[in-house]
2 protein chains.
Amino acid sequence: MPTARRATSFDVAKMAGVSRTTVSFVLNDVKGFNISLETRQKVLEAAERLGYVPDASAQALVSRRTRALGLVMTRSPHYISTDAFLPRIIAGLMDVVKERKLRLLIESVDMEHQDRAYLELARAKHIDGMLLLTPRIDDVGLRKLEQVDMPTVIMGELVGTNLYSVDIDNCLAAKKGVQYLLQLGHRQIACITNAPPSYSAAADRVSGYKEALTSAGIAPDDSLIRYADFDPQSGYKQMKSLLAQKQKFTAIFIASDNVAMGAFAALHETGIRVPEDISVLGFDDIPWAEYSNPPLTTIRLNAQELARKACFVLTDLLEGKDVPQKRQILDTELVIRKSCASLTNS
Amino acid sequence: MPTARRATSFDVAKMAGVSRTTVSFVLNDVKGFNISLETRQKVLEAAERLGYVPDASAQALVSRRTRALGLVMTRSPHYISTDAFLPRIIAGLMDVVKERKLRLLIESVDMEHQDRAYLELARAKHIDGMLLLTPRIDDVGLRKLEQVDMPTVIMGELVGTNLYSVDIDNCLAAKKGVQYLLQLGHRQIACITNAPPSYSAAADRVSGYKEALTSAGIAPDDSLIRYADFDPQSGYKQMKSLLAQKQKFTAIFIASDNVAMGAFAALHETGIRVPEDISVLGFDDIPWAEYSNPPLTTIRLNAQELARKACFVLTDLLEGKDVPQKRQILDTELVIRKSCASLTNS
DNA sequence: TATTTTTACTAACACGTGTTAGCAAGGACA
DNA sequence: TGTCCTTGCTAACACGTGTTAGTAAAAATA
C-alpha cells in the first residue's frame with residue numbers, strides 16, 4: 001500500500017459528491033452564488049476528513065499572488081550574524097505577517113550581483129512585496145527596482161528615490177542625544193559611527209552630531225570621528241584608535257549599541273572608567289544595553305515597531321489601499337541610564 | 001501604452017521563432033535532445049533581451065518542488081526579539097541556501113496552534129523541507145510531523161522521535177564546563193538555566209552540571225538551581241533570587257550568555273565583583289560575550305556551523321542522497337576569558 | 001399554460017511551466 | 001527501392017487551483 005497522496009480539491013469534490021467549482025466556492029466563501037446549507041456542510045466535512053489544504057503554488061499561479069513578503073538585506077553573512085537588530089525586526093514582521101496570513105521570505109543580496117538579484121527576485125514572483133533593510137546609499141541595483149512593478153518599503157532611507165519608507169529621523173535623534181551630552185557640560189565629544197559613511201543612517205547620525213556641536217558654538221573636529229562597521233569588534237578597534245591619539249575627549253557618542261559593546265571593552269581594558277572618566281552615549285537600545293556595565297544611556301529606536309509599521313504599509317499597498325504618506329518617521333527616545341555623567345570641572 | 005507585461009517562455013519562443021518546448025530544453029540545458037547551436041543561441045539571446053525569468057509558482061506546481069526551505073521556530077514574537085542566537089543561525093542557513101540556489105522561509109509557530117500549523121505548512125507545500133529550531137520536549141504537533149511526508153532536520157534534540165538532527169552534546173559540554181570550575185577549586189557552584197526544563201537543551205545542561213558535581217563527590221543542591229527564560233531580564237531576576245537566599249556559592253554556571261548578561265547586571269548592582277567574589281561561566285559564546293565586563297568565560301557553541309550542517313543534511317535529503325547519520329553532534333569548546341578565577345581559600 | 005426569474009449548481013478555460021511521445025526530413029544501409 | 005536510424009524539433013498533456021459563462025430544474029409571475 002503506497003503512502004496516501006495529498007488530497008486535492010478534486011478529492012474533496014468527489015467525496016462530497018459535488019463539482020470542484022462548488023468546493024472552491026464553499027471553502028473560499030465566495031459571495032453571490034447560492035449554495036445550499038446542506039451542500040456546504042458536506043463539502044466542509046469532506047475537506048476536514050481529508051485534511052485538505054490548498055496547494056500554495058497552484059493558488060499563487062492562478063491568483064498571481066504568492067502571499068509572501070520578502071525581507072531583503074544588502075549584507076554579507078558575516079554582518080548578518082552579528083546584527084543585534086535582526087531578531088527584533090523579524091519579530092516585528094512576523095507579528096504582522098501572521099495576522100495577515102502571509103509568509104516571510106528572507107533574502108540577502110551581496111554587493112556584486114545587486115542589479116540582477118533584485119530583478120530576478122521580482123520577475124520570478126516569489127514574493128508579492130519587498131521590505132528592504134539598511135540599504136546603502138550607493139546601492140545601484142536598488143534604483144532599478146523602481147522600474148520593476150513590485151511594491152517596496154524601505155526600513156531606513158534611500159535618498160533620491162520615490163519608494164515608500166519607514167524610518168527614524170537619524171539626524172535629529174543624534175542631535176538630541178549629543179545635546180544631552182552638551183547639557184551635562186561636555187565640550188570635547190568624540191563620535192564612533194555605526195557603519196561606513198556610505199550607509200545613509202551612519203551619514204545622518206554624524207550630521208546630527210555635528211549640528212549639535214555647531215549649535216553650541218563648537219567646531220566639529222574630524223579627528224574625533226571614527227567609522228565603525230556594525231560589529232562590536234570594529235567598535236573595539238575604533239575606540240582603541242581614538243584613545244591612542246593625543247586629542248582628548250570627555251564624552252563619546254557611539255551611534256550603535258552593538259558597536260558600543262566593543263568600545264566598552266576597549267575602555268575597560270585601558271582602565272578608563274565609565275562614566276567617571278568618559279561618558280558614553282549609545283544608539284538603538286538593543287536588549288543588552290540595559291544590562292551592560294554600567295547600564296548604557298542610549299537613544300531608543302523601537303525596531304520592532306519600525307518593522308511592524310513598514311509591514312503594515314506594505315500589506316496596505318498590496319491590498320490596494322491608498323497610503324498617502326510616502327515616508328513615515330518614528331519617534332526616538334533618550335533613555336537615561338548610568339553611562340553618562342555631568343562633567344565636574346577638573 | 002500599458003506597462004510591459006512580464007515575459008513568459010511563450011514570448012521567448014515567439015521571438016526566437018521556435019516552440020516553447022525548445023525554449024525549455026535550451027534554458028534548462030536538458031540532455032538527450034539535439035538542439036542545433038544556432039537555435040540554442042537564438043533562444044538564449046531572446047531570453048536575455050526580454051529579461052525572462054521563469055515563474056517560480058509555475059515551476060513549483062509542475063515540478064512539485066518549491067526550492068524553498070522553512071526555518072520553523074516554536075516561539076512567541078517576544079522570545080524571537082531577544083534571541084541572540086538567531087542572527088547566526090540565519091547567517092549560516094543563508095550561506096548554504098544561496099549556494100544551493102534555494103530560498104529561506106521563516107515561520108513561527110505558537111503553542112496553541114501547533115498541531116494544525118505543522119500539518120498545514122506541510123500540506124500547502126510552501127516549502128520542500130523544514131529546519132526546526134529549539135523544539136520543546138512537549139511539542140505535541142511536532143510528533144505528527146513524522147506522519148506527514150516532509151524532510152525535517154532539527155537543530156537541537158527531540159527525544160523519542162526518529163527525525164534527523166544536528167546538535168551539540170549539551171550534557172557533556174555543561175559537565176566539562178563545571179569541571180573547569182571544580183578544577184579552580186570551587187565547591188559551591190550555583191546554576192541558572194537557559195530556559196524552562198521543558199526545553200530539552202535546558203534539561204540536558206542541568207544534567208551535565210549535576211553529573212560534574214556528583215563525580216566530584218558533591219551532592220547537587222536544588223536550592224542553588226534557577227530556571228531562566230531565554231532573555232537577560234529573566235537572568236537578572238533569577239540571579240537576584242539566588243543572592244537573596246542564605247545559601248552561599250563561589251561560582252555559578254549560567255547556561256546561556258544571553259541570560260548571563262542580565263545576571264551580570266544583578267551582580268554589579270549588588271556590588272559583587274566578578275571574578276573576585278563570584279566566578280561566572282556562560283554558555284553559547286554570543287558575539288557580545290567577548291566584550292562584557294569582565295570578558296565572559298564560556299562554552300562556545302558554533303551556531304553558524306550548526307545551522308550550516310543542518311542545512312546540508314536537509315538539502316542532501318532533498319536531493320535524494322543517503323544521509324547515514326540520523327544524529328550529528330558538533331564539538332563545543334571552553335573559551336577561557338576573565339570571568340572565572342581560582343578560589344583562594346578565605 | 002407560457003414566460004420569466006430564481007436557485008443551485010457545473011463545464012471549461014486560464015495561469016506558466018516541465019516533460020513525454022511523436023513527427024518530418026535526411027542520410028545510411030541492405 | 002524500401003527500411004532503419006539519426007537529427008532537430010513540436011504538439012499535447014499534466015500540475016492544482018480560481019473564476020466566468022452557462023444550464024437544468026424549480027418557483028414565481030403573467
# chains A, B, ... in the order shown; residues from 1 in each chain; ligands from 1
$ interface_residues --of "chain A" --to "chain C" --cutoff "9 Å" --atoms "only C-alpha atoms (C1' of nucleotides)" --output "VMD selection string"
chain A and resid 18 to 22 33 to 36 58 60 to 64
$ select_by_dssp --residues "segment 3-108 of chain B" --states "alpha helix (DSSP H)" --output "PyMOL selection string"
chain B and resi 9-16+20-27+37-50+56-63+77-81+86-99
$ select_by_dssp --residues "segment 118-174 of chain B" --states "strand (DSSP E)" --output "list of chain:residue names"
B:Gly129, B:Met130, B:Leu131, B:Leu132, B:Leu133, B:Thr152, B:Val153, B:Ile154, B:Met155, B:Tyr164, B:Ser165, B:Val166, B:Asp167, B:Ile168
$ closest_residue --among "B:Leu132, B:Ala46, B:Met261, B:Met111" --to "Phe10 of chain B" --atoms "only C-alpha atoms"
B:Ala46
$ closest_atom_pairs --of "chain D" --to "chain A" --cutoff "8 Å" --atoms "only C-alpha atoms (C1' of nucleotides)" --output "CSV"
residue,atom,partner,partner_atom,distance
D:DC15,C1',A:Ala58,CA,8.0
D:DG16,C1',A:Ala58,CA,5.2
D:DT17,C1',A:Ala58,CA,5.1
D:DG18,C1',A:Val62,CA,6.3
$ write_last_selection --atoms "C-alpha atoms (C1' of nucleotides)" --output "PDB file, in the first residue's frame"
ATOM      1  C1'  DC D  15       0.369  20.130 -12.210  1.00  0.00           C
ATOM      2  C1'  DG D  16      -3.983  22.166  -8.791  1.00  0.00           C
ATOM      3  C1'  DT D  17      -6.307  25.998  -8.338  1.00  0.00           C
ATOM      4  C1'  DG D  18      -9.708  30.461  -9.192  1.00  0.00           C
TER       5       DG D  18
END
$ residues_around --residues "Pro294 of chain B" --least-positions-apart "5" --cutoff "10 Å" --atoms "only C-alpha atoms (C1' of nucleotides)" --output "tab-separated table (two decimals) with N, CA and C atoms, in the first residue's frame"
chain	number	residue	atom	x	y	z
A	265	ALA	N	34.58	47.53	25.99
A	265	ALA	CA	35.66	46.60	26.32
A	265	ALA	C	37.02	47.29	26.19
A	268	HIS	N	37.41	49.56	29.27
A	268	HIS	CA	37.71	48.77	30.47
A	268	HIS	C	39.16	48.31	30.46
A	269	GLU	N	39.54	47.83	29.31
A	269	GLU	CA	40.88	47.28	29.16
A	269	GLU	C	41.95	48.33	29.45
A	293	ASN	N	27.68	47.13	31.77
A	293	ASN	CA	28.25	47.69	32.98
A	293	ASN	C	29.09	48.91	32.65
B	264	PHE	N	24.83	39.31	35.16
B	264	PHE	CA	25.96	40.23	35.39
B	264	PHE	C	25.46	41.54	35.99
B	273	ARG	N	31.84	41.52	42.94
B	273	ARG	CA	32.82	41.60	41.86
B	273	ARG	C	33.00	40.25	41.16
B	274	VAL	N	33.12	40.32	39.85
B	274	VAL	CA	33.40	39.13	39.05
B	274	VAL	C	34.79	39.29	38.47
B	275	PRO	N	35.71	38.36	38.63
B	275	PRO	CA	35.52	37.05	39.28
B	275	PRO	C	35.98	37.01	40.74
B	280	VAL	N	31.93	33.39	37.11
B	280	VAL	CA	30.77	33.16	36.25
B	280	VAL	C	31.20	32.43	34.97
B	289	ALA	N	29.74	38.26	24.27
B	289	ALA	CA	30.38	37.65	25.43
B	289	ALA	C	31.82	38.14	25.57
B	337	ARG	N	38.15	33.21	29.33
B	337	ARG	CA	38.42	34.65	29.32
B	337	ARG	C	38.71	35.11	30.75
B	338	LYS	N	37.93	36.03	31.28
B	338	LYS	CA	38.32	36.57	32.59
B	338	LYS	C	37.25	36.50	33.67
B	339	SER	N	36.19	35.77	33.44
B	339	SER	CA	35.12	35.81	34.44
B	339	SER	C	35.19	34.68	35.46
B	340	CYS	N	36.21	33.84	35.35
B	340	CYS	CA	36.39	32.78	36.34
B	340	CYS	C	37.78	32.87	36.96
$ interface_residues --of "chain A" --to "chain B" --cutoff "8 Å" --atoms "only C-alpha atoms" --output "ChimeraX atom specification"
/A:6,52-58,60-61,66,77-78,80-84,86-92,94-95,103-108,120,123-126,232,261-262,264-265,268,287-288,291-293,295,304
$ atom_distance --atom1 "atom CA of Gly160 of chain B" --atom2 "atom CA of Glu211 of chain B"
22.5 Å
$ residues_around --residues "Ser223 of chain B" --least-positions-apart "2" --cutoff "10 Å" --atoms "only C-alpha atoms (C1' of nucleotides)" --output "VMD selection string"
chain B and resid 190 to 191 220 to 221 225 to 226 242 245 247
$ write_last_selection --atoms "N, CA and C atoms" --output "PDB file, in the first residue's frame"
ATOM      1  N   ALA B 190      26.527  27.369  41.849  1.00  0.00           N
ATOM      2  CA  ALA B 190      25.105  27.532  41.527  1.00  0.00           C
ATOM      3  C   ALA B 190      24.887  27.356  40.028  1.00  0.00           C
ATOM      4  N   CYS B 191      23.632  27.389  39.637  1.00  0.00           N
ATOM      5  CA  CYS B 191      23.306  27.218  38.215  1.00  0.00           C
ATOM      6  C   CYS B 191      22.037  27.973  37.848  1.00  0.00           C
ATOM      7  N   PRO B 220      24.401  17.553  44.473  1.00  0.00           N
ATOM      8  CA  PRO B 220      23.730  18.712  43.878  1.00  0.00           C
ATOM      9  C   PRO B 220      22.649  19.233  44.816  1.00  0.00           C
ATOM     10  N   ASP B 221      22.567  20.530  44.902  1.00  0.00           N
ATOM     11  CA  ASP B 221      21.608  21.152  45.801  1.00  0.00           C
ATOM     12  C   ASP B 221      20.595  21.954  44.975  1.00  0.00           C
ATOM     13  N   ILE B 225      19.753  26.012  42.155  1.00  0.00           N
ATOM     14  CA  ILE B 225      19.398  25.982  40.730  1.00  0.00           C
ATOM     15  C   ILE B 225      18.197  26.884  40.458  1.00  0.00           C
ATOM     16  N   ARG B 226      18.311  27.669  39.400  1.00  0.00           N
ATOM     17  CA  ARG B 226      17.194  28.526  38.998  1.00  0.00           C
ATOM     18  C   ARG B 226      16.930  28.349  37.506  1.00  0.00           C
ATOM     19  N   LEU B 242      18.756  34.174  43.663  1.00  0.00           N
ATOM     20  CA  LEU B 242      19.830  33.365  44.254  1.00  0.00           C
ATOM     21  C   LEU B 242      20.562  34.149  45.348  1.00  0.00           C
ATOM     22  N   GLN B 245      18.882  34.547  48.931  1.00  0.00           N
ATOM     23  CA  GLN B 245      18.768  33.460  49.912  1.00  0.00           C
ATOM     24  C   GLN B 245      20.066  33.269  50.697  1.00  0.00           C
ATOM     25  N   GLN B 247      21.837  30.508  51.318  1.00  0.00           N
ATOM     26  CA  GLN B 247      22.758  29.585  50.649  1.00  0.00           C
ATOM     27  C   GLN B 247      23.870  30.310  49.873  1.00  0.00           C
TER      28      GLN B 247
END
$ atom_distance --atom1 "atom CA of Val153 of chain B" --atom2 "atom CA of Arg49 of chain A"
28.4 Å
